Amino acid sequence: MNAGNPFSFLFSPYVTGSGLSESLLFLTLFDFTTGTVVFDAGFKPATTTGLVLPANTLMPSHNYAYELIFSNRLLVDSPGAQFGAQIGYDLRTSGSFITAAVPEPSAIAFAGSMTAMAMGLAWRRKGRASAA
């Protein structure tokens, strides 16, 4: 994953059961390297099929964890209670990934000079072959 580019998270819509009071989606990215939450998209409709992580949200060579939660809530009548009761049903998917390292400028220059040299040798060989 290139941290300098935006990244699209795509997932299937969550099909909820009937009779639920509310269904929501949450996506959170946690940076283990810095110990911080770097992206938190919560309270999205359950029909959401993707989210875009803006470019430069992640850092190169960092270790991240993600958690995707499809959350359902069923509000239950609670006569006499101060707060209404609810039953929650969550489907959680989690994992981790490491972003790619950014190559050193000297490595990029070296790779570019090697490519130019290889192209020059190929052109020179082609020139010799047509002269013969």
# chains A, B, ... in the order shown; residues from 1 in each chain; ligands from 1

call {"tool": "residues_around", "arguments": {"residues": "Thr34 (chain A)", "least_positions_apart": "5", "cutoff": "10 Å", "atoms": "only C-alpha atoms", "output": "PyMOL selection string"}}
result
chain A and resi 62-64

call {"tool": "write_last_selection", "arguments": {"atoms": "N, CA and C atoms", "output": "JSON list (two decimals), in the first residue's frame"}}
result
[["chain", "number", "residue", "atom", "x", "y", "z"],
["A", 62, "HIS", "N", 4.79, 1.95, 8.29],
["A", 62, "HIS", "CA", 4.10, 1.85, 9.57],
["A", 62, "HIS", "C", 3.22, 0.61, 9.57],
["A", 63, "ASN", "N", 2.97, 0.08, 10.76],
["A", 63, "ASN", "CA", 2.14, -1.09, 10.95],
["A", 63, "ASN", "C", 0.76, -0.62, 11.40],
["A", 64, "TYR", "N", -0.29, -1.05, 10.68],
["A", 64, "TYR", "CA", -1.65, -0.59, 10.96],
["A", 64, "TYR", "C", -2.57, -1.76, 11.24]]

call {"tool": "residues_around", "arguments": {"residues": "region 19-30 of chain A", "least_positions_apart": "6", "cutoff": "10 Å", "atoms": "only C-alpha atoms", "output": "PyMOL selection string"}}
result
chain A and resi 9+13+36-49+51+53+58+63-76+86-96

call {"tool": "closest_residue", "arguments": {"among": "A:Ser8, A:Val102, A:Pro79, A:Tyr14", "to": "Ala55 (chain A)", "atoms": "only C-alpha atoms"}}
result
A:Ser8

call {"tool": "closest_residue", "arguments": {"among": "A:Leu10, A:Ala100, A:Ala85, A:Val15", "to": "Val52 (chain A)", "atoms": "only C-alpha atoms"}}
result
A:Leu10

call {"tool": "atom_distance", "arguments": {"atom1": "CA of Ser12 (chain A)", "atom2": "CA of Gly50 (chain A)"}}
result
8.3 Å

call {"tool": "atom_distance", "arguments": {"atom1": "CA of Pro60 (chain A)", "atom2": "CA of Phe11 (chain A)"}}
result
24.4 Å

call {"tool": "select_by_dssp", "arguments": {"residues": "region 7-123 of chain A", "states": "helix (DSSP H, G or I)", "output": "NGL selection string"}}
result
:A and (105-123)

call {"tool": "write_last_selection", "arguments": {"atoms": "N, CA and C atoms", "output": "CSV table (one decimal), in the first residue's frame"}}
result
chain,number,residue,atom,x,y,z
A,105,PRO,N,16.0,8.8,-2.2
A,105,PRO,CA,16.2,9.5,-3.5
A,105,PRO,C,17.4,8.9,-4.2
A,106,SER,N,18.5,8.5,-3.5
A,106,SER,CA,19.7,8.0,-4.2
A,106,SER,C,19.3,6.7,-4.9
A,107,ALA,N,18.5,5.9,-4.3
A,107,ALA,CA,18.1,4.6,-4.9
A,107,ALA,C,17.3,4.9,-6.2
A,108,ILE,N,16.4,5.9,-6.1
A,108,ILE,CA,15.6,6.2,-7.3
A,108,ILE,C,16.6,6.7,-8.4
A,109,ALA,N,17.5,7.5,-8.1
A,109,ALA,CA,18.5,8.1,-9.1
A,109,ALA,C,19.3,6.9,-9.6
A,110,PHE,N,19.8,6.0,-8.8
A,110,PHE,CA,20.6,4.9,-9.2
A,110,PHE,C,19.8,4.0,-10.2
A,111,ALA,N,18.5,3.7,-9.8
A,111,ALA,CA,17.7,2.9,-10.7
A,111,ALA,C,17.4,3.6,-12.1
A,112,GLY,N,17.2,4.9,-12.0
A,112,GLY,CA,17.1,5.7,-13.3
A,112,GLY,C,18.3,5.6,-14.1
A,113,SER,N,19.5,5.8,-13.5
A,113,SER,CA,20.7,5.8,-14.3
A,113,SER,C,21.0,4.4,-14.9
A,114,MET,N,20.7,3.4,-14.1
A,114,MET,CA,20.9,2.0,-14.7
A,114,MET,C,19.9,1.7,-15.8
A,115,THR,N,18.7,2.2,-15.8
A,115,THR,CA,17.8,2.1,-16.9
A,115,THR,C,18.3,2.8,-18.1
A,116,ALA,N,18.7,4.1,-17.9
A,116,ALA,CA,19.3,4.8,-19.0
A,116,ALA,C,20.5,4.2,-19.6
A,117,MET,N,21.4,3.6,-18.8
A,117,MET,CA,22.6,2.9,-19.3
A,117,MET,C,22.2,1.7,-20.1
A,118,ALA,N,21.2,0.9,-19.6
A,118,ALA,CA,20.7,-0.3,-20.3
A,118,ALA,C,20.1,0.1,-21.7
A,119,MET,N,19.4,1.2,-21.7
A,119,MET,CA,18.7,1.6,-23.0
A,119,MET,C,19.8,2.1,-23.9
A,120,GLY,N,20.8,2.7,-23.4
A,120,GLY,CA,22.0,3.2,-24.3
A,120,GLY,C,22.7,2.0,-24.9
A,121,LEU,N,23.0,1.0,-24.1
A,121,LEU,CA,23.6,-0.2,-24.6
A,121,LEU,C,22.8,-0.9,-25.7
A,122,ALA,N,21.5,-1.0,-25.4
A,122,ALA,CA,20.6,-1.6,-26.4
A,122,ALA,C,20.6,-0.8,-27.7
A,123,TRP,N,20.6,0.5,-27.6
A,123,TRP,CA,20.6,1.3,-28.8
A,123,TRP,C,21.9,1.2,-29.6

call {"tool": "decode", "arguments": {"residues": "region 66-81 of chain A", "atoms": "all heavy atoms", "output": "PDB file, in the first residue's frame"}}
result
ATOM      1  N   TYR A  66      -6.879  -2.559  11.125  1.00  0.00           N
ATOM      2  CA  TYR A  66      -8.173  -2.033  10.699  1.00  0.00           C
ATOM      3  C   TYR A  66      -9.282  -2.842  11.359  1.00  0.00           C
ATOM      4  O   TYR A  66      -9.105  -3.997  11.720  1.00  0.00           O
ATOM      5  CB  TYR A  66      -8.340  -2.075   9.174  1.00  0.00           C
ATOM      6  CG  TYR A  66      -8.371  -3.463   8.591  1.00  0.00           C
ATOM      7  CD1 TYR A  66      -9.565  -4.156   8.479  1.00  0.00           C
ATOM      8  CD2 TYR A  66      -7.200  -4.088   8.173  1.00  0.00           C
ATOM      9  CE1 TYR A  66      -9.593  -5.435   7.961  1.00  0.00           C
ATOM     10  CE2 TYR A  66      -7.219  -5.363   7.647  1.00  0.00           C
ATOM     11  CZ  TYR A  66      -8.425  -6.029   7.537  1.00  0.00           C
ATOM     12  OH  TYR A  66      -8.456  -7.306   7.031  1.00  0.00           O
ATOM     13  N   GLU A  67     -10.423  -2.201  11.528  1.00  0.00           N
ATOM     14  CA  GLU A  67     -11.593  -2.890  12.037  1.00  0.00           C
ATOM     15  C   GLU A  67     -12.812  -2.347  11.300  1.00  0.00           C
ATOM     16  O   GLU A  67     -13.055  -1.143  11.268  1.00  0.00           O
ATOM     17  CB  GLU A  67     -11.755  -2.681  13.540  1.00  0.00           C
ATOM     18  CG  GLU A  67     -12.915  -3.478  14.104  1.00  0.00           C
ATOM     19  CD  GLU A  67     -12.971  -3.423  15.619  1.00  0.00           C
ATOM     20  OE1 GLU A  67     -12.903  -2.327  16.184  1.00  0.00           O
ATOM     21  OE2 GLU A  67     -13.093  -4.499  16.221  1.00  0.00           O
ATOM     22  N   LEU A  68     -13.525  -3.248  10.663  1.00  0.00           N
ATOM     23  CA  LEU A  68     -14.761  -2.925   9.959  1.00  0.00           C
ATOM     24  C   LEU A  68     -15.894  -3.550  10.756  1.00  0.00           C
ATOM     25  O   LEU A  68     -15.888  -4.753  11.026  1.00  0.00           O
ATOM     26  CB  LEU A  68     -14.724  -3.500   8.539  1.00  0.00           C
ATOM     27  CG  LEU A  68     -15.989  -3.366   7.704  1.00  0.00           C
ATOM     28  CD1 LEU A  68     -16.318  -1.898   7.443  1.00  0.00           C
ATOM     29  CD2 LEU A  68     -15.828  -4.116   6.389  1.00  0.00           C
ATOM     30  N   ILE A  69     -16.845  -2.729  11.153  1.00  0.00           N
ATOM     31  CA  ILE A  69     -17.948  -3.215  11.984  1.00  0.00           C
ATOM     32  C   ILE A  69     -19.269  -2.901  11.293  1.00  0.00           C
ATOM     33  O   ILE A  69     -19.537  -1.751  10.952  1.00  0.00           O
ATOM     34  CB  ILE A  69     -17.951  -2.545  13.379  1.00  0.00           C
ATOM     35  CG1 ILE A  69     -16.632  -2.782  14.099  1.00  0.00           C
ATOM     36  CG2 ILE A  69     -19.128  -3.043  14.210  1.00  0.00           C
ATOM     37  CD1 ILE A  69     -16.485  -1.977  15.380  1.00  0.00           C
ATOM     38  N   PHE A  70     -20.078  -3.936  11.109  1.00  0.00           N
ATOM     39  CA  PHE A  70     -21.462  -3.769  10.704  1.00  0.00           C
ATOM     40  C   PHE A  70     -22.267  -3.962  11.983  1.00  0.00           C
ATOM     41  O   PHE A  70     -22.209  -5.019  12.608  1.00  0.00           O
ATOM     42  CB  PHE A  70     -21.864  -4.813   9.665  1.00  0.00           C
ATOM     43  CG  PHE A  70     -21.177  -4.627   8.339  1.00  0.00           C
ATOM     44  CD1 PHE A  70     -20.147  -5.465   7.960  1.00  0.00           C
ATOM     45  CD2 PHE A  70     -21.566  -3.619   7.482  1.00  0.00           C
ATOM     46  CE1 PHE A  70     -19.524  -5.311   6.743  1.00  0.00           C
ATOM     47  CE2 PHE A  70     -20.948  -3.453   6.253  1.00  0.00           C
ATOM     48  CZ  PHE A  70     -19.924  -4.293   5.881  1.00  0.00           C
ATOM     49  N   SER A  71     -22.988  -2.926  12.372  1.00  0.00           N
ATOM     50  CA  SER A  71     -23.647  -2.931  13.675  1.00  0.00           C
ATOM     51  C   SER A  71     -25.159  -2.785  13.518  1.00  0.00           C
ATOM     52  O   SER A  71     -25.635  -1.905  12.802  1.00  0.00           O
ATOM     53  CB  SER A  71     -23.097  -1.777  14.515  1.00  0.00           C
ATOM     54  OG  SER A  71     -23.696  -1.760  15.779  1.00  0.00           O
ATOM     55  N   ASN A  72     -25.903  -3.640  14.187  1.00  0.00           N
ATOM     56  CA  ASN A  72     -27.360  -3.573  14.213  1.00  0.00           C
ATOM     57  C   ASN A  72     -27.821  -3.369  15.643  1.00  0.00           C
ATOM     58  O   ASN A  72     -27.245  -3.929  16.572  1.00  0.00           O
ATOM     59  CB  ASN A  72     -27.979  -4.885  13.705  1.00  0.00           C
ATOM     60  CG  ASN A  72     -27.772  -5.059  12.228  1.00  0.00           C
ATOM     61  OD1 ASN A  72     -28.001  -4.144  11.460  1.00  0.00           O
ATOM     62  ND2 ASN A  72     -27.342  -6.235  11.826  1.00  0.00           N
ATOM     63  N   ARG A  73     -28.873  -2.589  15.797  1.00  0.00           N
ATOM     64  CA  ARG A  73     -29.449  -2.355  17.113  1.00  0.00           C
ATOM     65  C   ARG A  73     -30.957  -2.538  17.039  1.00  0.00           C
ATOM     66  O   ARG A  73     -31.610  -2.089  16.098  1.00  0.00           O
ATOM     67  CB  ARG A  73     -29.143  -0.923  17.606  1.00  0.00           C
ATOM     68  CG  ARG A  73     -27.666  -0.665  17.842  1.00  0.00           C
ATOM     69  CD  ARG A  73     -27.180  -1.457  19.039  1.00  0.00           C
ATOM     70  NE  ARG A  73     -25.783  -1.322  19.272  1.00  0.00           N
ATOM     71  CZ  ARG A  73     -24.854  -2.232  18.947  1.00  0.00           C
ATOM     72  NH1 ARG A  73     -25.198  -3.331  18.343  1.00  0.00           N
ATOM     73  NH2 ARG A  73     -23.587  -2.055  19.217  1.00  0.00           N
ATOM     74  N   LEU A  74     -31.471  -3.215  18.024  1.00  0.00           N
ATOM     75  CA  LEU A  74     -32.910  -3.394  18.174  1.00  0.00           C
ATOM     76  C   LEU A  74     -33.298  -2.744  19.489  1.00  0.00           C
ATOM     77  O   LEU A  74     -32.852  -3.180  20.560  1.00  0.00           O
ATOM     78  CB  LEU A  74     -33.264  -4.888  18.183  1.00  0.00           C
ATOM     79  CG  LEU A  74     -34.718  -5.245  18.435  1.00  0.00           C
ATOM     80  CD1 LEU A  74     -35.623  -4.643  17.365  1.00  0.00           C
ATOM     81  CD2 LEU A  74     -34.878  -6.749  18.507  1.00  0.00           C
ATOM     82  N   LEU A  75     -34.067  -1.670  19.406  1.00  0.00           N
ATOM     83  CA  LEU A  75     -34.516  -0.989  20.619  1.00  0.00           C
ATOM     84  C   LEU A  75     -35.678  -1.773  21.209  1.00  0.00           C
ATOM     85  O   LEU A  75     -36.588  -2.199  20.501  1.00  0.00           O
ATOM     86  CB  LEU A  75     -34.934   0.442  20.302  1.00  0.00           C
ATOM     87  CG  LEU A  75     -33.822   1.317  19.698  1.00  0.00           C
ATOM     88  CD1 LEU A  75     -34.343   2.709  19.410  1.00  0.00           C
ATOM     89  CD2 LEU A  75     -32.610   1.373  20.610  1.00  0.00           C
ATOM     90  N   VAL A  76     -35.642  -1.965  22.518  1.00  0.00           N
ATOM     91  CA  VAL A  76     -36.634  -2.782  23.218  1.00  0.00           C
ATOM     92  C   VAL A  76     -37.377  -1.900  24.214  1.00  0.00           C
ATOM     93  O   VAL A  76     -36.767  -1.093  24.922  1.00  0.00           O
ATOM     94  CB  VAL A  76     -35.927  -3.947  23.968  1.00  0.00           C
ATOM     95  CG1 VAL A  76     -36.937  -4.821  24.685  1.00  0.00           C
ATOM     96  CG2 VAL A  76     -35.079  -4.759  23.011  1.00  0.00           C
ATOM     97  N   ASP A  77     -38.688  -2.058  24.242  1.00  0.00           N
ATOM     98  CA  ASP A  77     -39.474  -1.297  25.224  1.00  0.00           C
ATOM     99  C   ASP A  77     -38.973  -1.610  26.624  1.00  0.00           C
ATOM    100  O   ASP A  77     -38.739  -2.762  26.982  1.00  0.00           O
ATOM    101  CB  ASP A  77     -40.964  -1.658  25.125  1.00  0.00           C
ATOM    102  CG  ASP A  77     -41.611  -1.060  23.885  1.00  0.00           C
ATOM    103  OD1 ASP A  77     -41.100  -0.035  23.387  1.00  0.00           O
ATOM    104  OD2 ASP A  77     -42.615  -1.627  23.414  1.00  0.00           O
ATOM    105  N   SER A  78     -38.795  -0.564  27.430  1.00  0.00           N
ATOM    106  CA  SER A  78     -38.319  -0.725  28.806  1.00  0.00           C
ATOM    107  C   SER A  78     -39.128   0.183  29.718  1.00  0.00           C
ATOM    108  O   SER A  78     -38.619   1.198  30.173  1.00  0.00           O
ATOM    109  CB  SER A  78     -36.848  -0.368  28.923  1.00  0.00           C
ATOM    110  OG  SER A  78     -36.167  -0.412  27.736  1.00  0.00           O
ATOM    111  N   PRO A  79     -40.371  -0.166  29.969  1.00  0.00           N
ATOM    112  CA  PRO A  79     -41.207   0.686  30.825  1.00  0.00           C
ATOM    113  C   PRO A  79     -40.579   0.883  32.212  1.00  0.00           C
ATOM    114  O   PRO A  79     -40.091  -0.059  32.823  1.00  0.00           O
ATOM    115  CB  PRO A  79     -42.537  -0.081  30.943  1.00  0.00           C
ATOM    116  CG  PRO A  79     -42.500  -1.112  29.853  1.00  0.00           C
ATOM    117  CD  PRO A  79     -41.050  -1.359  29.543  1.00  0.00           C
ATOM    118  N   GLY A  80     -40.558   2.119  32.636  1.00  0.00           N
ATOM    119  CA  GLY A  80     -40.050   2.442  33.962  1.00  0.00           C
ATOM    120  C   GLY A  80     -38.542   2.620  34.029  1.00  0.00           C
ATOM    121  O   GLY A  80     -38.016   3.080  35.032  1.00  0.00           O
ATOM    122  N   ALA A  81     -37.820   2.279  32.967  1.00  0.00           N
ATOM    123  CA  ALA A  81     -36.355   2.425  32.981  1.00  0.00           C
ATOM    124  C   ALA A  81     -35.980   3.843  32.566  1.00  0.00           C
ATOM    125  O   ALA A  81     -36.696   4.502  31.823  1.00  0.00           O
ATOM    126  CB  ALA A  81     -35.708   1.423  32.030  1.00  0.00           C
TER     127      ALA A  81
END
